[in-house]
There are 2 protein chains.
Amino acid sequence: MNYRGSRAIVTGGLGFIGSNLVLRLVELGAEVTVIDSQIPGCGGNLYNLDPVRGAVNVIDADISEPAAFRDALRRADVVFNLAGEISHVHSMQFPERDLQVNTVAQLRFVLACSEDARKARVVYAGTRQVYGVPQYLPVDEGHPIRPVDFNGVHKFAATSYHLMLTRAGMLDAVVLRLTNVYGPRMALDVACQGVLSTFIRRSILGQQIDVFGDGEQFRDPVYVDDVVEAFLLVGQTDVLPHRSFNVGGREVVTLNDIAKVASDLGSCPPPRTRPFPDDRKPIDIGSYRSDYSRIQRTLGWEPTVRFGEGMARTIEYYRDRLNFYLDPDEPNPACRMPEHTSAPWRLRYQKGN
Amino acid sequence: MNYRGSRAIVTGGLGFIGSNLVLRLVELGAEVTVIDSQIPGCGGNLYNLDPVRGAVNVIDADISEPAAFRDALRRADVVFNLAGEISHVHSMQFPERDLQVNTVAQLRFVLACSEDARKARVVYAGTRQVYGVPQYLPVDEGHPIRPVDFNGVHKFAATSYHLMLTRAGMLDAVVLRLTNVYGPRMALDVACQGVLSTFIRRSILGQQIDVFGDGEQFRDPVYVDDVVEAFLLVGQTDVLPHRSFNVGGREVVTLNDIAKVASDLGSCPPPRTRPFPDDRKPIDIGSYRSDYSRIQRTLGWEPTVRFGEGMARTIEYYRDRLNFYLDPDEPNPACRMPEHTSAPWRLRYQKGN
């Protein structure tokens with residue numbers, strides 16, 4: 001990979017995966033432009049880019065408003081498109097908001113790319129959620145599309161925009177379908193961001209972890225550095241026999257395993273199992289494991305970081321930075337939509353302290 | 001089937017398939033409420049319901065505004081949801097309009113149904129367009145979802161809303177995936193409504209028919225009365241082992257066949273083949289045939305009307321009614337978005353003449 005001098009756009013570049021990608025791109029010598037409107041609840045956090053402060057052009061705009069970044073698009077060699085809302089629970093509570101953020105805004109963005117960045121490779125951050133409840137395991141890219149929540153429906157529409165325009169010769173896009181991703185820079189101050197975010201928060205706070213159901217359902221969590229590597233690979237591979245790739249984790253772990261690892265790292269009381277809350281049961285997908293053999297075969301990508309190691313690195317990251325990720329007055333956020341783009345306690349950083 | 005006294009809602013009930021369904025429901029003794037906002041280009045035409053004038057409650061509202069029809073929803077036994085835009089070409093020219101009509105509005109409508117018509121069966125008019133270019137023939141319901149245009153993407157999102165909420169127990173919906181439908185009451189005054197509408201219009205006008213490509217690609221057109229029967233069947237079958245059903249035609253005919261049948265019925269000059277226009281090629285799906293064995297096996301439905309017979313009936317229908325379906329000043333509409341809900345020549349009928 002050679003990103004030296006490459007002009008890269010990262011939408012959602014203040015968010016969890018986006019910011020990790022930005023840091024790596026800067027390290028590789030790329031010229032990076034971030035587009036991020038810090039929609040409440042989507043995980044954007046200026047502090048995430050603290051290590052490259054001043055070295056990255058951050059455009060405070062929504063991807064639905066291309067006039068704000070048309071010049072950057074015209075110059076771009078590669079567009080990493082990670083802007084979006086990931087919460088399944090929020091999408092059921094506020095479906096039209098999810099539609100706006102994940103579909104309407106993406107439609108405007110892909111049309112802008114098609115017009116002004118026709119030659120740039122576009123890499124879209126898709127999700128395993130489009131598959132719904134697995135009909136077989138591991139789940140490959142040919143699995144039926146049967147999302148169980150609005151987030152899955154809307155992310156699939158955005159996925160289809162990218163693939164359809166690419167087949168029509170109007171865009172050059174690739175979609176990564178991500179499993180549960182974890183690592184440094186995850187939003188911890190937003191509830192309902194998934195099991196890993198919640199368990200990591202409780203670990204850091206030394207609190208007991210609740211596991212819904214019997215805890216024996218499994219996942220294949222993937223460490224964010226491995227995901228960043230996948231983005232970089234598909235961002236620069238000219239000829240691709242496929243345009244959709246699953247990105248999965250190295251190990252399969254049960255929710256009980258995850259709770260135990262998190263509890264041990266945080267010296268918490270032992271985890272306990274609890275019945276599924278009413279609003280979670282219908283959108284639970286049971287057990288999931290990605291078949292990532294397509295990207296492995298095609299590009300040589302595979303996950304390298306073991307789960308225990310990744311969790312240790314993650315929790316270590318937050319140790320001295322907790323004030324940038326958790327509201328001291330409400331360390332355990334309720335599962336509702338955040339009302340402010342930037343909570344007052346977070347603005348301390350944005351104002352330069 | 002027993003629709004006597006049944007309270008039925010038909011969205012898009014002024015349109016082509018919707019109005020044929022309304023006429024049949026009234027014949028069967030149902031109490032029918034139509035919801036139709038006559039969005040320009042979507043085929044709504046008050047004249048379509050001329051035979052049942054006064055016998056049907058027509059609510060002039062968009063499905064995106066449930067406040068206008070909440071009382072009707074609360075009383076409904078069955079909701080036939082046919083409102084939408086069908087033009088693939090329009091969807092590529094005006095993607096955000098297609099998103100609004102086929103996805104945003106449908107989201108609000110299914111949420112309203114989920115809230116106020118939880119016990120009603122909802123039947124959604126889906127489309128074979130969600131499958132894209134067939135990867136095998138005939139195409140069954142398990143075919144991959146790879147739409148080639150925005151219309152297909154947006155109709156699949158709406159399809160997913162219905163199926164996802166049904167799986168979650170929040171709705172009781174069934175989706176019919178329709179192949180090319182033809183018959184009386186098709187809009188002829190809107191361009192880009194598909195090959196059948198265009199060929200029928202030219203047949204009626206006695207004009208030469210242009211076939212794009214070599215004309216050997218095939219379709220399985222289904223006559224509207226057969227489609228209406230499928231809607232009525234799934235509208236009243238309580239227990240269903242599946243929630244998606246392909247609805248296909250009885251015969252497979254090439255575009256050349258269709259052009260010949262239409263030309264002969266209209267005494268037109270012989271059809272000629274023409275190269276694909278630039279804006280059509282990327283969204284052409286080649287040949288298509290539905291595998292409708294699932295609905296045949298499950299509900300005993302099958303198409304009954306032969307293509308030649310259906311075409312003869314269709315063209316006969318328009319013979320004495322052309323002034324309600326074609327603008328005398330512009331009988332061959334250009335392929336652009338109609339600007340008026342009701343063209344002035346059409347308002348003659350709406351005003352009561």
# chains A, B, ... in the order shown; residues from 1 in each chain; ligands from 1
>>> closest_atom_pairs(of="chain B", to="chain A", cutoff="10 Å", atoms="only C-alpha atoms", output="CSV")
residue,atom,partner,partner_atom,distance
B:Pro95,CA,A:Leu107,CA,8.0
B:Glu96,CA,A:Leu107,CA,7.6
B:Leu99,CA,A:Val104,CA,7.7
B:Gln100,CA,A:Val104,CA,9.0
B:Thr103,CA,A:Leu99,CA,8.9
B:Val104,CA,A:Leu99,CA,7.7
B:Leu107,CA,A:Glu96,CA,7.6
B:Arg108,CA,A:Glu96,CA,8.1
B:Leu111,CA,A:Pro95,CA,9.1
B:Gly132,CA,A:Met164,CA,9.4
B:Gly142,CA,A:Pro144,CA,7.4
B:His143,CA,A:Pro144,CA,8.5
B:Pro144,CA,A:Pro144,CA,6.9
B:Ile145,CA,A:Ile145,CA,7.5
B:Arg146,CA,A:Ser160,CA,7.3
B:Pro147,CA,A:Met164,CA,6.6
B:Val148,CA,A:Met164,CA,5.4
B:Asp149,CA,A:Met164,CA,6.6
B:Phe150,CA,A:Tyr161,CA,7.4
B:Gly152,CA,A:Ser160,CA,9.3
B:Val153,CA,A:Ala157,CA,5.9
B:His154,CA,A:Ala157,CA,7.1
B:Lys155,CA,A:Ala157,CA,9.7
B:Phe156,CA,A:Ala157,CA,7.9
B:Ala157,CA,A:Val153,CA,5.9
B:Ala158,CA,A:Val153,CA,8.7
B:Thr159,CA,A:Val153,CA,9.4
B:Ser160,CA,A:Val153,CA,6.4
B:Tyr161,CA,A:Val153,CA,7.3
B:Leu163,CA,A:Arg146,CA,8.2
B:Met164,CA,A:Val148,CA,5.5
B:Leu165,CA,A:Val148,CA,8.0
B:Thr166,CA,A:Val148,CA,9.9
B:Arg167,CA,A:Val148,CA,7.7
B:Ala168,CA,A:Pro282,CA,5.2
B:Gly169,CA,A:Pro282,CA,8.1
B:Met170,CA,A:Pro282,CA,9.6
B:Lys281,CA,A:Ala168,CA,8.8
B:Pro282,CA,A:Ala168,CA,5.2
B:Ile283,CA,A:Ala168,CA,7.5
>>> residues_around(residues="Leu21 (chain B)", least_positions_apart="5", cutoff="9 Å", atoms="only C-alpha atoms", output="JSON, numbers by chain")
{"B": [10, 13, 16, 26, 80, 224, 225, 227, 228, 229, 231, 232]}
>>> write_last_selection(atoms="N, CA and C atoms", output="PDB file, in the first residue's frame")
ATOM      1  N   VAL B  10     -57.269   0.928  -0.050  1.00  0.00           N
ATOM      2  CA  VAL B  10     -56.382   0.745  -1.196  1.00  0.00           C
ATOM      3  C   VAL B  10     -55.572   2.027  -1.384  1.00  0.00           C
ATOM      4  N   GLY B  13     -55.136   3.873  -5.030  1.00  0.00           N
ATOM      5  CA  GLY B  13     -56.353   3.295  -5.599  1.00  0.00           C
ATOM      6  C   GLY B  13     -56.866   3.997  -6.847  1.00  0.00           C
ATOM      7  N   PHE B  16     -53.247   2.424 -11.788  1.00  0.00           N
ATOM      8  CA  PHE B  16     -53.555   1.331 -12.705  1.00  0.00           C
ATOM      9  C   PHE B  16     -54.039   0.066 -11.955  1.00  0.00           C
ATOM     10  N   VAL B  26     -65.343  -3.630  -4.832  1.00  0.00           N
ATOM     11  CA  VAL B  26     -66.710  -3.113  -4.777  1.00  0.00           C
ATOM     12  C   VAL B  26     -67.680  -4.176  -5.290  1.00  0.00           C
ATOM     13  N   PHE B  80     -54.530  -2.723   1.162  1.00  0.00           N
ATOM     14  CA  PHE B  80     -53.779  -3.014  -0.055  1.00  0.00           C
ATOM     15  C   PHE B  80     -52.919  -1.791  -0.364  1.00  0.00           C
ATOM     16  N   VAL B 224     -53.773  -7.623 -15.660  1.00  0.00           N
ATOM     17  CA  VAL B 224     -54.083  -7.000 -14.375  1.00  0.00           C
ATOM     18  C   VAL B 224     -55.142  -7.773 -13.581  1.00  0.00           C
ATOM     19  N   ASP B 225     -56.105  -8.402 -14.247  1.00  0.00           N
ATOM     20  CA  ASP B 225     -57.132  -9.142 -13.503  1.00  0.00           C
ATOM     21  C   ASP B 225     -56.512 -10.300 -12.712  1.00  0.00           C
ATOM     22  N   VAL B 227     -53.503 -10.278 -11.494  1.00  0.00           N
ATOM     23  CA  VAL B 227     -52.790  -9.663 -10.364  1.00  0.00           C
ATOM     24  C   VAL B 227     -53.774  -9.300  -9.254  1.00  0.00           C
ATOM     25  N   VAL B 228     -54.910  -8.752  -9.646  1.00  0.00           N
ATOM     26  CA  VAL B 228     -55.941  -8.399  -8.665  1.00  0.00           C
ATOM     27  C   VAL B 228     -56.345  -9.645  -7.866  1.00  0.00           C
ATOM     28  N   GLU B 229     -56.481 -10.755  -8.563  1.00  0.00           N
ATOM     29  CA  GLU B 229     -56.845 -12.013  -7.896  1.00  0.00           C
ATOM     30  C   GLU B 229     -55.794 -12.399  -6.845  1.00  0.00           C
ATOM     31  N   PHE B 231     -53.816 -10.354  -5.188  1.00  0.00           N
ATOM     32  CA  PHE B 231     -53.976  -9.446  -4.044  1.00  0.00           C
ATOM     33  C   PHE B 231     -55.127  -9.905  -3.151  1.00  0.00           C
ATOM     34  N   LEU B 232     -56.244 -10.243  -3.782  1.00  0.00           N
ATOM     35  CA  LEU B 232     -57.415 -10.643  -2.997  1.00  0.00           C
ATOM     36  C   LEU B 232     -57.126 -11.923  -2.209  1.00  0.00           C
TER      37      LEU B 232
END
>>> select_by_dssp(residues="region 60-254 of chain A", states="strand (DSSP E or B)", output="PyMOL selection string")
chain A and resi 78-81+121-127+139+172-178+181-182+210-212+218-219+222-223+244-247+253-254
>>> closest_residue(among="B:Arg313, B:Lys260, B:Arg177, B:Arg219", to="Thr273 (chain B)", atoms="only C-alpha atoms")
B:Lys260
>>> atom_distance(atom1="CA of Gly235 (chain A)", atom2="CA of Gln93 (chain B)")
28.8 Å
>>> atom_distance(atom1="CA of Gly183 (chain A)", atom2="CA of Arg24 (chain A)")
14.2 Å
>>> residues_around(residues="Arg243 (chain B)", least_positions_apart="6", cutoff="10 Å", atoms="only C-alpha atoms", output="ChimeraX atom specification")
/B:123,162-163,166-167,172-176,234
>>> write_last_selection(atoms="N, CA and C atoms", output="CSV table (one decimal), in the first residue's frame")
chain,number,residue,atom,x,y,z
B,123,VAL,N,-51.1,-5.8,2.3
B,123,VAL,CA,-50.5,-6.4,1.2
B,123,VAL,C,-49.8,-5.3,0.4
B,162,HIS,N,-42.0,-3.8,5.4
B,162,HIS,CA,-43.1,-4.7,5.6
B,162,HIS,C,-42.7,-6.0,6.2
B,163,LEU,N,-41.7,-6.6,5.7
B,163,LEU,CA,-41.3,-8.0,6.1
B,163,LEU,C,-40.7,-7.9,7.5
B,166,THR,N,-43.2,-7.4,10.2
B,166,THR,CA,-44.0,-8.6,10.4
B,166,THR,C,-43.3,-9.6,11.2
B,167,ARG,N,-42.0,-9.8,10.9
B,167,ARG,CA,-41.2,-10.8,11.7
B,167,ARG,C,-41.1,-10.4,13.1
B,172,ASP,N,-48.8,-7.2,10.0
B,172,ASP,CA,-49.1,-8.5,9.4
B,172,ASP,C,-49.1,-8.4,7.9
B,173,ALA,N,-48.0,-8.3,7.3
B,173,ALA,CA,-47.9,-7.9,5.9
B,173,ALA,C,-47.4,-9.1,5.0
B,174,VAL,N,-47.8,-8.9,3.8
B,174,VAL,CA,-47.3,-9.9,2.7
B,174,VAL,C,-46.9,-9.0,1.5
B,175,VAL,N,-45.8,-9.4,0.9
B,175,VAL,CA,-45.3,-8.7,-0.3
B,175,VAL,C,-45.5,-9.5,-1.6
B,176,LEU,N,-46.1,-8.9,-2.6
B,176,LEU,CA,-46.2,-9.5,-3.9
B,176,LEU,C,-45.1,-8.9,-4.7
B,234,VAL,N,-54.1,-13.2,-1.1
B,234,VAL,CA,-53.2,-13.0,0.1
B,234,VAL,C,-53.8,-12.1,1.1
>>> atom_distance(atom1="CA of Phe324 (chain A)", atom2="CA of Gly84 (chain A)")
21.1 Å
>>> select_by_dssp(residues="region 118-327 of chain A", states="helix (DSSP H, G or I)", output="ChimeraX atom specification")
/A:128-131,150-167,195-205,224-236,255-265,281-283,293-299,307-319,322-324
>>> residues_around(residues="Pro269 (chain B)", least_positions_apart="4", cutoff="10 Å", atoms="only C-alpha atoms", output="list of chain:residue names")
B:Ser203, B:Gly206, B:Gln207, B:Gln208, B:Ile209, B:Lys260, B:Ser263, B:Asp264
>>> write_last_selection(atoms="N, CA and C atoms", output="compact mmCIF listing (two decimals), in the first residue's frame")
# COMPACT_ATOMS: atom_id res chain seq x y z
N SER B 203 -49.81 1.56 -30.24
CA SER B 203 -50.79 0.71 -30.93
C SER B 203 -52.11 1.47 -31.11
N GLY B 206 -51.95 4.01 -33.64
CA GLY B 206 -51.64 3.53 -34.99
C GLY B 206 -50.24 3.88 -35.45
N GLN B 207 -49.32 4.08 -34.45
CA GLN B 207 -47.96 4.50 -34.81
C GLN B 207 -46.98 3.34 -34.84
N GLN B 208 -45.90 3.53 -35.57
CA GLN B 208 -44.86 2.50 -35.63
C GLN B 208 -44.20 2.35 -34.25
N ILE B 209 -43.91 1.10 -33.87
CA ILE B 209 -43.32 0.83 -32.56
C ILE B 209 -41.82 0.62 -32.69
N LYS B 260 -45.20 -6.92 -32.04
CA LYS B 260 -45.99 -7.43 -33.17
C LYS B 260 -47.47 -7.51 -32.79
N SER B 263 -48.77 -3.97 -32.58
CA SER B 263 -48.86 -3.37 -33.93
C SER B 263 -50.05 -3.93 -34.69
N ASP B 264 -50.21 -5.24 -34.64
CA ASP B 264 -51.31 -5.87 -35.37
C ASP B 264 -52.66 -5.37 -34.86
>>> residues_around(residues="Asn2 (chain B)", least_positions_apart="6", cutoff="9 Å", atoms="only C-alpha atoms", output="PyMOL selection string")
chain B and resi 28-30+236
>>> write_last_selection(atoms="C-alpha atoms", output="PDB file, in the first residue's frame")
ATOM      1  CA  LEU B  28     -67.419  -8.344  -4.087  1.00  0.00           C
ATOM      2  CA  GLY B  29     -69.274  -6.127  -1.627  1.00  0.00           C
ATOM      3  CA  ALA B  30     -66.353  -4.601   0.252  1.00  0.00           C
ATOM      4  CA  GLN B 236     -57.665 -12.969   3.150  1.00  0.00           C
TER       5      GLN B 236
END
>>> closest_residue(among="A:Gly5, A:Pro333, A:Pro271, A:Gly248", to="Pro138 (chain A)", atoms="only C-alpha atoms")
A:Gly248
>>> closest_residue(among="B:Asp77, B:Asp98, B:Asp62, B:Glu85", to="Lys119 (chain B)", atoms="only C-alpha atoms")
B:Asp77
>>> closest_residue(among="B:Asp278, B:Asp50, B:Glu115, B:Glu316", to="Gly266 (chain B)", atoms="only C-alpha atoms")
B:Glu316
